[in-house]
Amino acid sequence: MTMEDVVVGPLDLAARVDEALAVQALAFGLTDEEVNVRRHIVLRHLASPGARALGATTPDGRLVGFVYGMPNDRAQWWSTVVEPYLRRAGHADWLDDVFAVTELHVHPAHQKRGIGRELITRITDEAREPRSILSAIDTESPARALYRSLGYRDLARRVLFPSAPSPYAVMGATLPLRR
Ligand SMILES: CC(C)(COP(=O)(O)OP(=O)(O)OC[C@H]1O[C@@H](n2cnc3c(N)ncnc32)[C@H](O)[C@@H]1OP(=O)(O)O)[C@@H](O)C(=O)NCCC(=O)NCCS
């Protein structure tokens with residue numbers, strides 16, 4: 001299947017959360033237990049003001065990729081974890097007036113065809129905020145290469161989230177993302 005067959009557009013993520021988490025489980029690796037925890041987190045996130053999602057769908061309606069995010073809220077758990085790391089690095093202001101990309105995943109059978117790039121570029125193009133922030137596992141992954149190519153730079157490294165075994169990097173970019 002080529003990129004042209006897959007269409008990126010608005011996604012009712014609350015209605016399709018199980019399909020999205022199935023994609024995430026394949027792309028990122030999630031246990032059944034983690035999927036159940038994520039379901040609650042995603043549904044809570046979607047109730048936040050300004051939360052938006054885009055999906056990548058095949059002609060027969062299968063979801064093969066998704067992205068979601070929202071204007072960042074310092075009161076949310078993610079911000080409270082990364083805040084001390086950003087403050088130490090002199091980047092605490094990145095938590096305000098910034099669009100947070102919360103999740104981005106593409107089904108392994110559909111990766112490396114430009115779908116991930118289109119999802120994150122589209123969702124941030126539609127943001128009102130002048131900047132975007134996200135976190136990614138702190139290794140040289142395809143995700144990190146994609147984010148760098150779009151203009152995201154490291155704001156903090158070796159960020160530890162309670163319960164996550166791997167350290168994360170927090171990355172930020174000015175919008176619109178680089179083409
Ligand atoms: C990150 C991810 C969403 C990218 O989706 P994708 O549709 O494969 O990405 P694209 O085809 O748009 O590729 C865009 C860029 O990503 C980078 N990239 C993608 N696959 C790569 C790979 N295997 N190795 C190195 N860089 C890679 C390249 O910079 C690429 O740009 P190029 O095509 O100009 O070389 C996908 O790899 C994925 O779902 N990974 C697992 C889950 C994950 O890590 N999600 C992010 C959590 S923070």
# chains A, B, ... in the order shown; residues from 1 in each chain; ligands from 1

$ select_by_dssp --residues "region 11-177 of chain A" --states "strand (DSSP E)" --output "MDAnalysis selection string"
chainID A and resid 52:57 63:71 98:106 131:137 153:159 168:174

$ residues_near_ligand --ligand "ligand 1" --cutoff "9 Å" --atoms "only C-alpha atoms and all ligand atoms" --output "PyMOL selection string"
chain A and resi 23-29+65-67+101-108+110-120+134-137+140-150+168

$ select_by_dssp --residues "region 1-80 of chain A" --states "alpha helix (DSSP H)" --output "VMD selection string"
chain A and resid 17 to 24 32 to 46 77 to 80

$ residues_around --residues "Arg157 (chain A)" --least-positions-apart "4" --cutoff "9 Å" --atoms "only C-alpha atoms" --output "PDB file with N, CA and C atoms, in the first residue's frame"
ATOM      1  N   TYR A  85      13.021  19.598  35.420  1.00  0.00           N
ATOM      2  CA  TYR A  85      14.099  19.388  34.432  1.00  0.00           C
ATOM      3  C   TYR A  85      14.209  20.600  33.509  1.00  0.00           C
ATOM      4  N   ASP A 138      14.691   8.703  25.319  1.00  0.00           N
ATOM      5  CA  ASP A 138      15.970   9.376  25.078  1.00  0.00           C
ATOM      6  C   ASP A 138      16.982   8.440  24.433  1.00  0.00           C
ATOM      7  N   PRO A 167      14.638   6.586  30.411  1.00  0.00           N
ATOM      8  CA  PRO A 167      14.612   8.046  30.474  1.00  0.00           C
ATOM      9  C   PRO A 167      14.109   8.649  29.162  1.00  0.00           C
ATOM     10  N   TYR A 168      13.540   9.836  29.261  1.00  0.00           N
ATOM     11  CA  TYR A 168      12.975  10.545  28.118  1.00  0.00           C
ATOM     12  C   TYR A 168      13.743  11.832  27.850  1.00  0.00           C
ATOM     13  N   ALA A 169      13.662  12.297  26.613  1.00  0.00           N
ATOM     14  CA  ALA A 169      14.096  13.645  26.259  1.00  0.00           C
ATOM     15  C   ALA A 169      12.843  14.487  26.038  1.00  0.00           C
ATOM     16  N   VAL A 170      12.879  15.739  26.495  1.00  0.00           N
ATOM     17  CA  VAL A 170      11.815  16.690  26.193  1.00  0.00           C
ATOM     18  C   VAL A 170      12.319  17.571  25.063  1.00  0.00           C
ATOM     19  N   MET A 171      11.505  17.699  24.005  1.00  0.00           N
ATOM     20  CA  MET A 171      11.913  18.439  22.812  1.00  0.00           C
ATOM     21  C   MET A 171      10.896  19.536  22.508  1.00  0.00           C
TER      22      MET A 171
END

$ residues_around --residues "Arg128 (chain A)" --least-positions-apart "5" --cutoff "12 Å" --atoms "only C-alpha atoms" --output "mmCIF file with C-alpha atoms, in the first residue's frame"
data_model
loop_
_atom_site.group_PDB
_atom_site.id
_atom_site.type_symbol
_atom_site.label_atom_id
_atom_site.label_comp_id
_atom_site.auth_asym_id
_atom_site.auth_seq_id
_atom_site.Cartn_x
_atom_site.Cartn_y
_atom_site.Cartn_z
ATOM 1 C CA GLY A 50 -8.457 22.184 22.925
ATOM 2 C CA MET A 70 -3.567 19.766 23.351
ATOM 3 C CA PRO A 71 -2.528 23.195 24.562
ATOM 4 C CA ASN A 72 -0.162 22.410 27.418
ATOM 5 C CA ASP A 97 1.505 28.930 25.424
ATOM 6 C CA VAL A 98 2.736 25.739 23.772
ATOM 7 C CA PHE A 99 0.970 22.885 21.970
ATOM 8 C CA ALA A 100 1.834 19.516 23.519
ATOM 9 C CA ILE A 123 -1.824 18.780 13.942
ATOM 10 C CA THR A 174 8.733 26.788 17.060
ATOM 11 C CA LEU A 175 5.674 26.581 14.806
ATOM 12 C CA PRO A 176 5.065 26.070 11.997
#

$ residues_around --residues "Ala173 (chain A)" --least-positions-apart "5" --cutoff "7 Å" --atoms "only C-alpha atoms" --output "PDB file with N, CA and C atoms, in the first residue's frame"
ATOM      1  N   ARG A 131       4.484  27.562  19.650  1.00  0.00           N
ATOM      2  CA  ARG A 131       5.518  26.546  19.848  1.00  0.00           C
ATOM      3  C   ARG A 131       4.868  25.200  20.152  1.00  0.00           C
ATOM      4  N   SER A 132       5.661  24.148  20.039  1.00  0.00           N
ATOM      5  CA  SER A 132       5.188  22.791  20.336  1.00  0.00           C
ATOM      6  C   SER A 132       6.220  22.085  21.204  1.00  0.00           C
ATOM      7  N   ILE A 133       5.726  21.218  22.079  1.00  0.00           N
ATOM      8  CA  ILE A 133       6.601  20.467  22.992  1.00  0.00           C
ATOM      9  C   ILE A 133       6.153  19.010  23.000  1.00  0.00           C
ATOM     10  N   GLY A 151      12.532  20.343  13.268  1.00  0.00           N
ATOM     11  CA  GLY A 151      12.946  21.540  14.005  1.00  0.00           C
ATOM     12  C   GLY A 151      12.863  21.416  15.516  1.00  0.00           C
ATOM     13  N   TYR A 152      12.416  20.271  16.024  1.00  0.00           N
ATOM     14  CA  TYR A 152      12.419  20.085  17.481  1.00  0.00           C
ATOM     15  C   TYR A 152      13.870  19.950  17.949  1.00  0.00           C
ATOM     16  N   ARG A 153      14.184  20.614  19.082  1.00  0.00           N
ATOM     17  CA  ARG A 153      15.508  20.456  19.682  1.00  0.00           C
ATOM     18  C   ARG A 153      15.336  20.025  21.141  1.00  0.00           C
TER      19      ARG A 153
END

$ atom_distance --atom1 "CA of Asn36 (chain A)" --atom2 "CA of Ala14 (chain A)"
13.9 Å

$ residues_around --residues "Arg16 (chain A)" --least-positions-apart "6" --cutoff "12 Å" --atoms "only C-alpha atoms" --output "MDAnalysis selection string"
chainID A and resid 10 22:23 39 42:43 53:55 57 61:66

$ decode --residues "region 88-160 of chain A" --atoms "C-alpha atoms" --output "PDB file, in the first residue's frame"
ATOM      1  CA  ARG A  88      17.159  23.489  35.619  1.00  0.00           C
ATOM      2  CA  ALA A  89      17.903  23.811  31.884  1.00  0.00           C
ATOM      3  CA  GLY A  90      16.497  27.360  31.766  1.00  0.00           C
ATOM      4  CA  HIS A  91      13.504  26.333  29.635  1.00  0.00           C
ATOM      5  CA  ALA A  92      10.615  26.492  32.130  1.00  0.00           C
ATOM      6  CA  ASP A  93       8.826  29.049  29.905  1.00  0.00           C
ATOM      7  CA  TRP A  94       8.282  26.249  27.337  1.00  0.00           C
ATOM      8  CA  LEU A  95       5.372  24.949  29.419  1.00  0.00           C
ATOM      9  CA  ASP A  96       3.257  28.029  28.668  1.00  0.00           C
ATOM     10  CA  ASP A  97       1.505  28.930  25.424  1.00  0.00           C
ATOM     11  CA  VAL A  98       2.736  25.739  23.772  1.00  0.00           C
ATOM     12  CA  PHE A  99       0.970  22.885  21.970  1.00  0.00           C
ATOM     13  CA  ALA A 100       1.834  19.516  23.519  1.00  0.00           C
ATOM     14  CA  VAL A 101       1.972  16.522  21.167  1.00  0.00           C
ATOM     15  CA  THR A 102       0.958  13.717  23.505  1.00  0.00           C
ATOM     16  CA  GLU A 103       1.138  10.608  21.293  1.00  0.00           C
ATOM     17  CA  LEU A 104       2.205   9.825  17.709  1.00  0.00           C
ATOM     18  CA  HIS A 105       2.202   6.265  16.404  1.00  0.00           C
ATOM     19  CA  VAL A 106       2.165   4.597  12.996  1.00  0.00           C
ATOM     20  CA  HIS A 107       1.455   0.898  12.442  1.00  0.00           C
ATOM     21  CA  PRO A 108       4.780  -0.851  11.683  1.00  0.00           C
ATOM     22  CA  ALA A 109       3.511  -2.094   8.297  1.00  0.00           C
ATOM     23  CA  HIS A 110       2.871   1.524   7.252  1.00  0.00           C
ATOM     24  CA  GLN A 111       5.963   3.243   8.647  1.00  0.00           C
ATOM     25  CA  LYS A 112       8.595   5.108   6.599  1.00  0.00           C
ATOM     26  CA  ARG A 113       6.094   6.414   4.048  1.00  0.00           C
ATOM     27  CA  GLY A 114       5.645   9.921   5.383  1.00  0.00           C
ATOM     28  CA  ILE A 115       2.532   9.245   7.488  1.00  0.00           C
ATOM     29  CA  GLY A 116       4.126  10.173  10.830  1.00  0.00           C
ATOM     30  CA  ARG A 117       5.529  13.375   9.352  1.00  0.00           C
ATOM     31  CA  GLU A 118       2.138  14.322   7.893  1.00  0.00           C
ATOM     32  CA  LEU A 119       0.290  13.619  11.157  1.00  0.00           C
ATOM     33  CA  ILE A 120       2.528  15.769  13.358  1.00  0.00           C
ATOM     34  CA  THR A 121       2.870  18.553  10.777  1.00  0.00           C
ATOM     35  CA  ARG A 122      -0.895  18.768  10.266  1.00  0.00           C
ATOM     36  CA  ILE A 123      -1.824  18.780  13.942  1.00  0.00           C
ATOM     37  CA  THR A 124       0.726  21.453  14.826  1.00  0.00           C
ATOM     38  CA  ASP A 125      -0.219  23.566  11.764  1.00  0.00           C
ATOM     39  CA  GLU A 126      -3.715  23.755  13.256  1.00  0.00           C
ATOM     40  CA  ALA A 127      -2.427  24.887  16.681  1.00  0.00           C
ATOM     41  CA  ARG A 128      -2.904  28.480  17.844  1.00  0.00           C
ATOM     42  CA  GLU A 129       0.229  28.355  20.016  1.00  0.00           C
ATOM     43  CA  PRO A 130       3.574  29.570  18.591  1.00  0.00           C
ATOM     44  CA  ARG A 131       5.518  26.546  19.848  1.00  0.00           C
ATOM     45  CA  SER A 132       5.188  22.791  20.336  1.00  0.00           C
ATOM     46  CA  ILE A 133       6.601  20.467  22.992  1.00  0.00           C
ATOM     47  CA  LEU A 134       6.756  16.677  23.383  1.00  0.00           C
ATOM     48  CA  SER A 135       8.714  13.907  25.055  1.00  0.00           C
ATOM     49  CA  ALA A 136      10.348  10.886  23.451  1.00  0.00           C
ATOM     50  CA  ILE A 137      12.436   8.029  24.786  1.00  0.00           C
ATOM     51  CA  ASP A 138      15.970   9.376  25.078  1.00  0.00           C
ATOM     52  CA  THR A 139      17.601   7.220  22.399  1.00  0.00           C
ATOM     53  CA  GLU A 140      18.396   7.773  18.724  1.00  0.00           C
ATOM     54  CA  SER A 141      15.057   6.386  17.541  1.00  0.00           C
ATOM     55  CA  PRO A 142      13.176   7.030  14.278  1.00  0.00           C
ATOM     56  CA  ALA A 143      10.893   9.268  16.334  1.00  0.00           C
ATOM     57  CA  ARG A 144      13.801  11.429  17.531  1.00  0.00           C
ATOM     58  CA  ALA A 145      15.161  11.666  13.958  1.00  0.00           C
ATOM     59  CA  LEU A 146      11.728  12.731  12.704  1.00  0.00           C
ATOM     60  CA  TYR A 147      11.312  15.357  15.436  1.00  0.00           C
ATOM     61  CA  ARG A 148      14.767  16.818  14.795  1.00  0.00           C
ATOM     62  CA  SER A 149      14.136  17.001  11.058  1.00  0.00           C
ATOM     63  CA  LEU A 150      11.014  19.058  11.846  1.00  0.00           C
ATOM     64  CA  GLY A 151      12.946  21.540  14.005  1.00  0.00           C
ATOM     65  CA  TYR A 152      12.419  20.085  17.481  1.00  0.00           C
ATOM     66  CA  ARG A 153      15.508  20.456  19.682  1.00  0.00           C
ATOM     67  CA  ASP A 154      16.348  18.984  23.069  1.00  0.00           C
ATOM     68  CA  LEU A 155      15.134  21.056  26.007  1.00  0.00           C
ATOM     69  CA  ALA A 156      15.945  18.447  28.668  1.00  0.00           C
ATOM     70  CA  ARG A 157      17.542  14.985  28.651  1.00  0.00           C
ATOM     71  CA  ARG A 158      17.385  11.937  30.928  1.00  0.00           C
ATOM     72  CA  VAL A 159      13.930  12.869  32.222  1.00  0.00           C
ATOM     73  CA  LEU A 160      12.526  10.149  34.473  1.00  0.00           C
TER      74      LEU A 160
END
